[in-house]
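Engineer: I am sharing query36.json, which consists of JSON, C-alpha atoms and all ligand atoms:
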[["chain", "number", "residue", "atom", "x", "y", "z"],
["A", 1, "MET", "CA", 40.99, 29.09, -6.78],
["A", 2, "LYS", "CA", 38.82, 26.19, -7.91],
["A", 3, "LYS", "CA", 38.50, 25.57, -11.63],
["A", 4, "LEU", "CA", 35.07, 26.47, -12.96],
["A", 5, "ILE", "CA", 33.56, 23.99, -15.42],
["A", 6, "VAL", "CA", 30.26, 24.99, -16.98],
["A", 7, "ALA", "CA", 28.09, 22.51, -18.89],
["A", 8, "ASN", "CA", 26.06, 24.17, -21.62],
["A", 9, "TRP", "CA", 23.51, 21.57, -22.66],
["A", 10, "LYS", "CA", 22.00, 23.86, -25.34],
["A", 11, "LEU", "CA", 18.81, 22.31, -26.83],
["A", 12, "ASN", "CA", 19.40, 18.93, -25.14],
["A", 13, "PRO", "CA", 18.43, 16.42, -23.84],
["A", 14, "GLN", "CA", 14.99, 15.90, -25.35],
["A", 15, "THR", "CA", 13.21, 14.48, -22.29],
["A", 16, "TYR", "CA", 13.21, 15.22, -18.58],
["A", 17, "ARG", "CA", 14.11, 11.62, -17.84],
["A", 18, "ARG", "CA", 17.33, 11.96, -19.78],
["A", 19, "ALA", "CA", 18.11, 15.34, -18.23],
["A", 20, "GLU", "CA", 17.58, 13.79, -14.81],
["A", 21, "LYS", "CA", 19.89, 10.86, -15.61],
["A", 22, "LEU", "CA", 22.60, 13.19, -16.85],
["A", 23, "ALA", "CA", 22.38, 15.53, -13.86],
["A", 24, "GLY", "CA", 22.27, 12.52, -11.53],
["A", 25, "ALA", "CA", 25.40, 10.92, -12.95],
["A", 26, "ILE", "CA", 27.33, 14.20, -12.93],
["A", 27, "SER", "CA", 26.27, 15.29, -9.45],
["A", 28, "ARG", "CA", 27.07, 11.89, -7.92],
["A", 29, "ALA", "CA", 30.59, 12.01, -9.37],
["A", 30, "ALA", "CA", 31.12, 15.72, -8.66],
["A", 31, "LYS", "CA", 30.77, 15.09, -4.91],
["A", 32, "SER", "CA", 34.29, 13.76, -4.71],
["A", 33, "PHE", "CA", 35.90, 16.55, -6.75],
["A", 34, "ARG", "CA", 36.67, 19.24, -4.21],
["A", 35, "SER", "CA", 38.81, 21.55, -6.34],
["A", 36, "VAL", "CA", 36.32, 22.06, -9.11],
["A", 37, "GLU", "CA", 33.17, 24.15, -9.26],
["A", 38, "THR", "CA", 30.62, 22.64, -11.65],
["A", 39, "VAL", "CA", 27.63, 24.48, -13.10],
["A", 40, "LEU", "CA", 24.96, 22.72, -15.16],
["A", 41, "CYS", "CA", 22.98, 24.82, -17.65],
["A", 42, "PRO", "CA", 19.98, 22.82, -18.91],
["A", 43, "PRO", "CA", 17.15, 24.14, -21.12],
["A", 44, "PHE", "CA", 14.69, 26.35, -19.19],
["A", 45, "VAL", "CA", 11.93, 23.73, -19.26],
["A", 46, "TRP", "CA", 13.98, 21.22, -17.28],
["A", 47, "LEU", "CA", 15.66, 23.74, -15.00],
["A", 48, "GLU", "CA", 13.11, 24.12, -12.23],
["A", 49, "CYS", "CA", 12.55, 20.38, -11.68],
["A", 50, "LEU", "CA", 16.28, 19.64, -11.86],
["A", 51, "ALA", "CA", 17.16, 22.41, -9.40],
["A", 52, "ASP", "CA", 14.51, 21.07, -7.09],
["A", 53, "GLU", "CA", 15.46, 17.42, -7.42],
["A", 54, "PHE", "CA", 19.21, 18.07, -7.08],
["A", 55, "ALA", "CA", 19.05, 20.88, -4.52],
["A", 56, "GLY", "CA", 22.29, 20.90, -2.55],
["A", 57, "LYS", "CA", 23.83, 18.36, -4.93],
["A", 58, "ALA", "CA", 24.37, 20.42, -8.07],
["A", 59, "VAL", "CA", 24.60, 24.07, -9.06],
["A", 60, "PHE", "CA", 22.47, 25.27, -11.97],
["A", 61, "GLY", "CA", 22.43, 28.12, -14.42],
["A", 62, "GLY", "CA", 20.25, 29.36, -17.28],
["A", 63, "GLN", "CA", 21.48, 29.50, -20.87],
["A", 64, "ASP", "CA", 19.98, 32.95, -21.39],
["A", 65, "VAL", "CA", 17.71, 35.46, -19.67],
["A", 66, "PHE", "CA", 15.58, 38.46, -20.59],
["A", 67, "TRP", "CA", 16.23, 42.00, -19.34],
["A", 68, "GLU", "CA", 12.78, 42.78, -17.90],
["A", 69, "ASN", "CA", 11.23, 41.08, -14.89],
["A", 70, "GLN", "CA", 7.64, 41.20, -16.08],
["A", 71, "GLY", "CA", 5.37, 42.51, -18.77],
["A", 72, "PRO", "CA", 4.27, 41.88, -22.37],
["A", 73, "TYR", "CA", 7.32, 39.93, -23.60],
["A", 74, "THR", "CA", 6.05, 36.73, -25.16],
["A", 75, "GLY", "CA", 8.27, 33.72, -24.67],
["A", 76, "GLU", "CA", 10.81, 35.35, -22.39],
["A", 77, "VAL", "CA", 12.15, 34.25, -19.00],
["A", 78, "SER", "CA", 13.07, 36.88, -16.43],
["A", 79, "PRO", "CA", 16.08, 37.09, -14.11],
["A", 80, "THR", "CA", 13.86, 36.93, -11.03],
["A", 81, "MET", "CA", 12.11, 33.81, -12.38],
["A", 82, "LEU", "CA", 15.45, 32.14, -13.01],
["A", 83, "LYS", "CA", 16.55, 32.98, -9.50],
["A", 84, "ALA", "CA", 13.23, 31.80, -8.05],
["A", 85, "VAL", "CA", 13.51, 28.35, -9.61],
["A", 86, "GLY", "CA", 16.98, 27.84, -8.18],
["A", 87, "ALA", "CA", 19.43, 29.03, -10.82],
["A", 88, "GLN", "CA", 22.55, 30.70, -9.43],
["A", 89, "TRP", "CA", 24.24, 31.46, -12.74],
["A", 90, "VAL", "CA", 23.29, 32.53, -16.24],
["A", 91, "ILE", "CA", 25.09, 32.41, -19.57],
["A", 92, "ILE", "CA", 24.65, 35.64, -21.53],
["A", 93, "GLY", "CA", 25.71, 36.56, -25.06],
["A", 94, "HIS", "CA", 26.42, 33.09, -26.43],
["A", 95, "SER", "CA", 27.44, 33.37, -30.08],
["A", 96, "GLU", "CA", 24.62, 31.01, -31.12],
["A", 97, "ARG", "CA", 22.14, 33.57, -29.80],
["A", 98, "ARG", "CA", 24.01, 36.44, -31.38],
["A", 99, "ARG", "CA", 23.91, 34.62, -34.72],
["A", 100, "HIS", "CA", 20.53, 32.83, -34.80],
["A", 101, "LEU", "CA", 18.47, 35.28, -32.75],
["A", 102, "GLY", "CA", 20.11, 38.56, -33.64],
["A", 103, "GLU", "CA", 21.27, 39.42, -30.13],
["A", 104, "THR", "CA", 23.17, 42.67, -30.14],
["A", 105, "ASP", "CA", 25.73, 44.03, -27.71],
["A", 106, "GLU", "CA", 23.07, 46.46, -26.46],
["A", 107, "MET", "CA", 20.67, 43.59, -25.67],
["A", 108, "ILE", "CA", 23.45, 41.68, -24.00],
["A", 109, "HIS", "CA", 24.29, 44.73, -21.91],
["A", 110, "ARG", "CA", 20.68, 44.97, -20.70],
["A", 111, "LYS", "CA", 20.66, 41.26, -19.87],
["A", 112, "VAL", "CA", 23.90, 41.52, -17.89],
["A", 113, "LYS", "CA", 22.55, 44.44, -15.88],
["A", 114, "ALA", "CA", 19.22, 42.77, -15.16],
["A", 115, "ALA", "CA", 20.81, 39.46, -14.23],
["A", 116, "ARG", "CA", 23.18, 41.19, -11.83],
["A", 117, "ALA", "CA", 20.32, 43.15, -10.28],
["A", 118, "ALA", "CA", 18.51, 39.87, -9.60],
["A", 119, "GLY", "CA", 21.60, 38.42, -7.92],
["A", 120, "LEU", "CA", 22.53, 35.95, -10.65],
["A", 121, "LYS", "CA", 26.18, 35.27, -11.40],
["A", 122, "VAL", "CA", 26.95, 35.97, -15.04],
["A", 123, "ILE", "CA", 28.99, 34.07, -17.61],
["A", 124, "LEU", "CA", 29.46, 36.57, -20.42],
["A", 125, "CYS", "CA", 30.45, 34.96, -23.73],
["A", 126, "VAL", "CA", 32.70, 36.80, -26.14],
["A", 127, "GLY", "CA", 34.48, 35.63, -29.25],
["A", 128, "GLU", "CA", 35.42, 36.52, -32.80],
["A", 129, "THR", "CA", 34.24, 35.02, -36.09],
["A", 130, "LEU", "CA", 36.64, 33.28, -38.43],
["A", 131, "ALA", "CA", 36.59, 36.29, -40.78],
["A", 132, "ALA", "CA", 37.52, 38.65, -37.94],
["A", 133, "ARG", "CA", 40.21, 36.27, -36.83],
["A", 134, "ARG", "CA", 41.72, 36.10, -40.31],
["A", 135, "ARG", "CA", 41.84, 39.87, -40.47],
["A", 136, "GLY", "CA", 43.65, 39.96, -37.12],
["A", 137, "HIS", "CA", 40.72, 41.66, -35.36],
["A", 138, "THR", "CA", 40.33, 39.33, -32.36],
["A", 139, "HIS", "CA", 41.36, 41.88, -29.74],
["A", 140, "ALA", "CA", 39.33, 44.68, -31.30],
["A", 141, "VAL", "CA", 36.19, 42.50, -31.43],
["A", 142, "LEU", "CA", 36.57, 41.36, -27.83],
["A", 143, "ARG", "CA", 37.36, 44.82, -26.55],
["A", 144, "SER", "CA", 34.21, 46.16, -28.18],
["A", 145, "GLN", "CA", 32.00, 43.27, -26.99],
["A", 146, "MET", "CA", 33.23, 43.67, -23.41],
["A", 147, "ARG", "CA", 33.05, 47.46, -23.36],
["A", 148, "LYS", "CA", 29.45, 47.46, -24.58],
["A", 149, "ALA", "CA", 28.22, 44.52, -22.51],
["A", 150, "LEU", "CA", 29.86, 45.67, -19.31],
["A", 151, "ALA", "CA", 29.23, 49.42, -19.41],
["A", 152, "GLY", "CA", 28.48, 50.43, -15.84],
["A", 153, "VAL", "CA", 29.38, 47.04, -14.32],
["A", 154, "LYS", "CA", 31.59, 47.58, -11.33],
["A", 155, "ARG", "CA", 34.99, 46.01, -10.89],
["A", 156, "PHE", "CA", 33.62, 44.76, -7.59],
["A", 157, "ASP", "CA", 31.58, 42.15, -9.48],
["A", 158, "MET", "CA", 34.60, 40.87, -11.30],
["A", 159, "LYS", "CA", 36.75, 40.68, -8.18],
["A", 160, "ASN", "CA", 34.07, 38.75, -6.34],
["A", 161, "SER", "CA", 33.56, 36.21, -9.08],
["A", 162, "ARG", "CA", 30.04, 37.33, -9.77],
["A", 163, "LEU", "CA", 30.99, 37.79, -13.37],
["A", 164, "VAL", "CA", 33.19, 35.57, -15.48],
["A", 165, "ILE", "CA", 34.13, 35.85, -19.14],
["A", 166, "ALA", "CA", 33.93, 32.86, -21.48],
["A", 167, "TYR", "CA", 36.21, 33.28, -24.46],
["A", 168, "GLU", "CA", 34.65, 31.23, -27.24],
["A", 169, "PRO", "CA", 35.98, 31.78, -30.75],
["A", 170, "VAL", "CA", 32.89, 31.32, -32.93],
["A", 171, "TRP", "CA", 34.73, 29.08, -35.37],
["A", 172, "ALA", "CA", 35.78, 26.68, -32.61],
["A", 173, "ILE", "CA", 32.29, 25.98, -31.22],
["A", 174, "GLY", "CA", 30.94, 22.54, -32.04],
["A", 175, "THR", "CA", 33.42, 22.12, -34.87],
["A", 176, "GLY", "CA", 35.98, 19.83, -33.30],
["A", 177, "MET", "CA", 38.57, 22.49, -34.18],
["A", 178, "PRO", "CA", 39.51, 24.13, -30.90],
["A", 179, "GLU", "CA", 41.77, 27.13, -30.54],
["A", 180, "THR", "CA", 45.22, 26.10, -29.35],
["A", 181, "PRO", "CA", 45.73, 26.32, -25.58],
["A", 182, "GLN", "CA", 48.57, 28.82, -26.17],
["A", 183, "ASN", "CA", 46.43, 31.15, -28.27],
["A", 184, "ALA", "CA", 43.44, 30.78, -25.95],
["A", 185, "ASN", "CA", 45.71, 31.66, -23.04],
["A", 186, "ALA", "CA", 47.00, 34.74, -24.87],
["A", 187, "VAL", "CA", 43.44, 35.94, -25.46],
["A", 188, "ALA", "CA", 42.47, 35.19, -21.85],
["A", 189, "ALA", "CA", 45.48, 37.24, -20.74],
["A", 190, "PHE", "CA", 44.28, 40.06, -22.98],
["A", 191, "VAL", "CA", 40.82, 39.93, -21.36],
["A", 192, "ARG", "CA", 42.36, 40.09, -17.90],
["A", 193, "ASN", "CA", 44.50, 42.96, -19.02],
["A", 194, "VAL", "CA", 41.40, 44.88, -20.11],
["A", 195, "LEU", "CA", 39.12, 43.97, -17.18],
["A", 196, "GLY", "CA", 41.58, 43.41, -14.35],
["A", 197, "THR", "CA", 43.59, 40.43, -13.23],
["A", 198, "HIS", "CA", 40.91, 39.22, -10.83],
["A", 199, "ILE", "CA", 38.48, 38.30, -13.55],
["A", 200, "ARG", "CA", 38.08, 34.60, -14.27],
["A", 201, "VAL", "CA", 38.29, 33.68, -17.96],
["A", 202, "LEU", "CA", 36.97, 30.38, -19.25],
["A", 203, "TYR", "CA", 37.83, 28.89, -22.62],
["A", 204, "GLY", "CA", 35.04, 27.34, -24.71],
["A", 205, "GLY", "CA", 35.00, 25.71, -28.14],
["A", 206, "SER", "CA", 35.42, 21.97, -28.75],
["A", 207, "VAL", "CA", 36.82, 21.23, -25.29],
["A", 208, "ASN", "CA", 36.78, 17.52, -24.48],
["A", 209, "ALA", "CA", 38.37, 14.98, -22.16],
["A", 210, "GLY", "CA", 41.38, 14.71, -24.45],
["A", 211, "ASN", "CA", 42.31, 18.38, -24.46],
["A", 212, "ILE", "CA", 40.88, 20.00, -21.30],
["A", 213, "ARG", "CA", 44.02, 19.49, -19.24],
["A", 214, "GLU", "CA", 46.11, 21.61, -21.61],
["A", 215, "TYR", "CA", 43.67, 24.53, -21.31],
["A", 216, "LEU", "CA", 43.43, 24.29, -17.55],
["A", 217, "MET", "CA", 47.23, 24.26, -17.22],
["A", 218, "MET", "CA", 47.37, 27.71, -18.83],
["A", 219, "PRO", "CA", 47.93, 30.50, -16.30],
["A", 220, "ALA", "CA", 45.26, 32.90, -17.60],
["A", 221, "ILE", "CA", 42.52, 30.26, -18.02],
["A", 222, "SER", "CA", 40.33, 29.53, -14.99],
["A", 223, "GLY", "CA", 38.01, 26.90, -16.43],
["A", 224, "ALA", "CA", 35.97, 25.80, -19.41],
["A", 225, "LEU", "CA", 32.56, 26.23, -20.99],
["A", 226, "VAL", "CA", 31.69, 22.84, -22.42],
["A", 227, "GLY", "CA", 28.96, 22.11, -24.97],
["A", 228, "GLY", "CA", 28.92, 18.74, -26.77],
["A", 229, "ALA", "CA", 31.13, 16.86, -24.31],
["A", 230, "SER", "CA", 28.92, 17.88, -21.36],
["A", 231, "LEU", "CA", 26.14, 15.64, -22.75],
["A", 232, "ARG", "CA", 28.32, 12.53, -22.51],
["A", 233, "PRO", "CA", 28.36, 11.76, -18.78],
["A", 234, "ALA", "CA", 31.41, 9.48, -18.71],
["A", 235, "GLU", "CA", 33.46, 11.97, -20.70],
["A", 236, "PHE", "CA", 32.25, 14.99, -18.73],
["A", 237, "ILE", "CA", 32.98, 13.27, -15.41],
["A", 238, "LYS", "CA", 36.48, 12.51, -16.68],
["A", 239, "MET", "CA", 36.85, 16.20, -17.50],
["A", 240, "LEU", "CA", 35.82, 17.14, -13.96],
["A", 241, "ALA", "CA", 38.35, 14.66, -12.56],
["A", 242, "ILE", "CA", 41.08, 16.27, -14.67],
["A", 243, "ALA", "CA", 39.97, 19.75, -13.56],
["A", 244, "ASP", "CA", 40.08, 18.56, -9.97],
["A", 245, "SER", "CA", 43.65, 17.36, -10.38],
["A", 246, "VAL", "CA", 45.34, 20.29, -12.17],
["B", 1, "LIG", "P1", 31.23, 22.92, -27.78],
["B", 1, "LIG", "O1", 30.33, 24.18, -27.37],
["B", 1, "LIG", "O2", 31.96, 22.47, -26.56],
["B", 1, "LIG", "O3", 30.24, 21.91, -28.30],
["B", 1, "LIG", "O4", 32.17, 23.39, -28.85],
["B", 1, "LIG", "C1", 30.81, 25.15, -26.47],
["B", 1, "LIG", "C2", 29.77, 26.22, -26.28],
["B", 1, "LIG", "O5", 29.08, 26.59, -27.23],
["B", 1, "LIG", "O6", 29.59, 26.75, -25.17]]
Would you give me this structure, written as structure tokens?

Structural biologist:
Amino acid sequence: MKKLIVANWKLNPQTYRRAEKLAGAISRAAKSFRSVETVLCPPFVWLECLADEFAGKAVFGGQDVFWENQGPYTGEVSPTMLKAVGAQWVIIGHSERRRHLGETDEMIHRKVKAARAAGLKVILCVGETLAARRRGHTHAVLRSQMRKALAGVKRFDMKNSRLVIAYEPVWAIGTGMPETPQNANAVAAFVRNVLGTHIRVLYGGSVNAGNIREYLMMPAISGALVGGASLRPAEFIKMLAIADSV
């Protein structure tokens, strides 16, 4: 199966022109990488124009989504809106949202269900804090996050790649201190043990051009969720080339 590399641009870039340049550079290069599936997740405000401009040349996803499709929910974006503007994927449950915006497992569960109902493919983020890690609670935290978020989600979705898990230890995100490939692989194997061996598990947390190969060589890891390095086109394209070759 192709490696799945997801670019999470977070609150970047600051202008549409720069978003367009970034998407242009990546999509031009990605054409020649046949064994890698690339998903670009820009901020909502750039998403519609990018999906339109790069239709057929790049695949897009949202960084979040709300659980209702309409109504009095100021500031939210619905699954059907995301789908309508050309997103195929959506990231749900990123630890930055859990931490800064108080997203709970219950909210994440509602988002997963609504996204699925709208036909979006879901990247569900799970991961433990440093404190939980030090206490040896990684498996317990992940088991609980997955059980709550995925209550009622059929195995069918996992088998058909409509749902992937991104394992992102909170302490490894944006810190330049990634989890070791061996440990990340052990956790990915745990996830597959819980959810079934068909599920794709990505690793995320300080992945860059210098270390991505080691993660992608691991048997339980199917790809990467990339933050900071996905904003540097030359580096990100190098990462796609490595993913294409492993
Ligand atoms: P990072 O972010 O690659 O900058 O560590 C990963 C993520 O938050 O998805």

Engineer: For a quick check of understanding, using only C-alpha atoms, which of A:Val187, A:Leu195, A:Val126, A:Val6 has the smallest distance to Val170 of chain A?

Structural biologist: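 Looking at the shortest contact to Val170 of chain A, the residue is A:Val126.
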
Engineer: Pick out the residues no farther than 8 Å from ligand LIG 1 (chain B), counting all atoms listed in the file, and list them as a ChimeraX atom specification.

Structural biologist: /A:7-8,10,94-96,168,172-176,178,204-208,225-230

Engineer: From the set A:Arg116, A:Arg34, A:Arg192, A:His109, which residue has the shortest atom-to-atom contact distance to Ala151 of chain A, counting only C-alpha atoms?

Structural biologist: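 Closest to Ala151 of chain A, using only C-alpha atoms: A:His109.
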
Engineer: Counting all atoms listed in the file, what is within 10 Å of Leu130 of chain A, bar same-chain residues fewer than 5 positions away, as a ChimeraX atom specification?

Structural biologist: /A:135-138,169-172

Engineer: Compile the contact shell of Thr197 of chain A as a list in words: residues with an atom at most 9 Å away, counting all atoms listed in the file, same-chain residues fewer than 5 positions apart removed.

Structural biologist: Lys159, Ala189, Val191, Arg192 and Ala220 of chain A

Engineer: Show me the residues around (36.8, 33.2, -12.6) - criterion: an atom at most 7 Å away, all atoms listed in the file counted - as an NGL selection string.

Structural biologist: :A and (4 or 161 or 164 or 199-201 or 222)

Engineer: Excluding Ile237 of chain A and residues on its chain fewer than 6 positions from it, collect all residues at most 9 Å away from it, counting only C-alpha atoms, and give them as a PyMOL selection string.

Structural biologist: chain A and resi 25-26+29-30+209+230

Engineer: Write out as a PyMOL selection string the residues lying within 7 Å of Leu11 of chain A, counting all atoms listed in the file and excluding same-chain residues fewer than 2 positions away.

Structural biologist: chain A and resi 9+13+43

Engineer: Any idea what the distance is between atom CA of Leu231 of chain A and atom CA of Gly24 of chain A?

Structural biologist: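 That distance, rounded to one decimal, is 12.3 Å.
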
Engineer: So how many Å separate atom CA of Arg143 of chain A and atom CA of Met217 of chain A, to one decimal?

Structural biologist: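 Those two atoms sit 24.6 Å apart.
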
Engineer: In Å, with one decimal, what is the gap from atom CA of Gly152 of chain A to atom CA of Ser78 of chain A?

Structural biologist: 20.5 Å

Engineer: Taking (12.9, 29.7, -23.8) in the coordinates of the supplied file, I want to know which residues reach to within 12 Å of it, counting all atoms listed in the file; could you give the answer as a list of chain:residue names?

Structural biologist: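 Those residues lying close to the given coordinates are A:Lys10, A:Leu11, A:Pro42, A:Pro43, A:Phe44, A:Val45, A:Trp46, A:Leu47, A:Gly62, A:Gln63, A:Asp64, A:Val65, A:Phe66, A:Tyr73, A:Thr74, A:Gly75, A:Glu76, A:Val77, A:Ser78, A:Leu82, A:Arg97, A:Leu101.
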
Engineer: Can you pull out the residues contacting Asp105 of chain A? Cut-off 8 Å, using only C-alpha atoms, and skip same-chain residues under 3 positions away; I want them as a PDB file with C-alpha atoms, keeping the file's coordinate frame.

Structural biologist:
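And here is the file that came out, part-v8.pdb:
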ATOM      1  CA  GLY A  93      25.710  36.560 -25.060  1.00  0.00           C
ATOM      2  CA  ILE A 108      23.450  41.680 -24.000  1.00  0.00           C
ATOM      3  CA  HIS A 109      24.290  44.730 -21.910  1.00  0.00           C
ATOM      4  CA  GLN A 145      32.000  43.270 -26.990  1.00  0.00           C
ATOM      5  CA  LYS A 148      29.450  47.460 -24.580  1.00  0.00           C
ATOM      6  CA  ALA A 149      28.220  44.520 -22.510  1.00  0.00           C
TER       7      ALA A 149
END

Engineer: Output requested as a CSV table (one decimal), keeping the file's coordinate frame - segment 29-38 of chain A, filled out with all heavy atoms.

Structural biologist:
chain,number,residue,atom,x,y,z
A,29,ALA,N,29.1,12.0,-9.2
A,29,ALA,CA,30.6,12.0,-9.4
A,29,ALA,C,31.2,13.3,-8.8
A,29,ALA,O,32.3,13.3,-8.2
A,29,ALA,CB,30.9,11.9,-10.8
A,30,ALA,N,30.5,14.4,-9.0
A,30,ALA,CA,31.1,15.7,-8.7
A,30,ALA,C,31.4,15.8,-7.2
A,30,ALA,O,32.2,16.6,-6.7
A,30,ALA,CB,30.2,16.9,-9.2
A,31,LYS,N,30.6,15.1,-6.4
A,31,LYS,CA,30.8,15.1,-4.9
A,31,LYS,C,32.2,14.9,-4.5
A,31,LYS,O,32.7,15.5,-3.5
A,31,LYS,CB,30.0,13.9,-4.3
A,31,LYS,CG,28.6,14.3,-3.9
A,31,LYS,CD,28.0,13.3,-2.9
A,31,LYS,CE,28.2,11.8,-3.3
A,31,LYS,NZ,27.1,10.9,-3.3
A,32,SER,N,32.9,14.0,-5.2
A,32,SER,CA,34.3,13.8,-4.7
A,32,SER,C,35.3,14.7,-5.3
A,32,SER,O,36.5,14.6,-5.0
A,32,SER,CB,34.6,12.3,-5.0
A,32,SER,OG,34.3,12.0,-6.3
A,33,PHE,N,34.9,15.6,-6.2
A,33,PHE,CA,35.9,16.6,-6.8
A,33,PHE,C,35.8,17.9,-6.0
A,33,PHE,O,35.0,18.7,-6.2
A,33,PHE,CB,35.6,16.8,-8.2
A,33,PHE,CG,35.6,15.5,-9.0
A,33,PHE,CD1,34.6,15.3,-10.0
A,33,PHE,CD2,36.5,14.5,-8.8
A,33,PHE,CE1,34.6,14.1,-10.8
A,33,PHE,CE2,36.5,13.3,-9.5
A,33,PHE,CZ,35.6,13.1,-10.5
A,34,ARG,N,36.8,18.1,-5.1
A,34,ARG,CA,36.7,19.2,-4.2
A,34,ARG,C,37.3,20.5,-4.8
A,34,ARG,O,37.0,21.6,-4.3
A,34,ARG,CB,37.3,18.9,-2.9
A,34,ARG,CG,36.7,17.7,-2.2
A,34,ARG,CD,36.8,17.7,-0.7
A,34,ARG,NE,36.1,16.5,-0.2
A,34,ARG,CZ,34.8,16.5,0.0
A,34,ARG,NH1,34.0,17.6,-0.2
A,34,ARG,NH2,34.2,15.4,0.5
A,35,SER,N,38.1,20.4,-5.8
A,35,SER,CA,38.8,21.6,-6.3
A,35,SER,C,38.2,22.0,-7.7
A,35,SER,O,38.9,22.7,-8.5
A,35,SER,CB,40.3,21.3,-6.6
A,35,SER,OG,40.8,20.8,-5.4
A,36,VAL,N,37.0,21.6,-7.9
A,36,VAL,CA,36.3,22.1,-9.1
A,36,VAL,C,34.9,22.5,-8.8
A,36,VAL,O,34.2,21.9,-8.0
A,36,VAL,CB,36.4,21.0,-10.2
A,36,VAL,CG1,35.9,19.6,-9.7
A,36,VAL,CG2,35.6,21.3,-11.4
A,37,GLU,N,34.5,23.6,-9.4
A,37,GLU,CA,33.2,24.2,-9.3
A,37,GLU,C,32.4,23.8,-10.6
A,37,GLU,O,32.9,24.2,-11.6
A,37,GLU,CB,33.3,25.7,-9.1
A,37,GLU,CG,32.1,26.4,-8.7
A,37,GLU,CD,32.5,27.9,-8.5
A,37,GLU,OE1,33.6,28.4,-8.5
A,37,GLU,OE2,31.5,28.7,-8.4
A,38,THR,N,31.3,23.1,-10.4
A,38,THR,CA,30.6,22.6,-11.6
A,38,THR,C,29.3,23.3,-11.7
A,38,THR,O,28.5,23.4,-10.7
A,38,THR,CB,30.4,21.1,-11.6
A,38,THR,OG1,31.6,20.5,-11.3
A,38,THR,CG2,29.8,20.6,-12.9
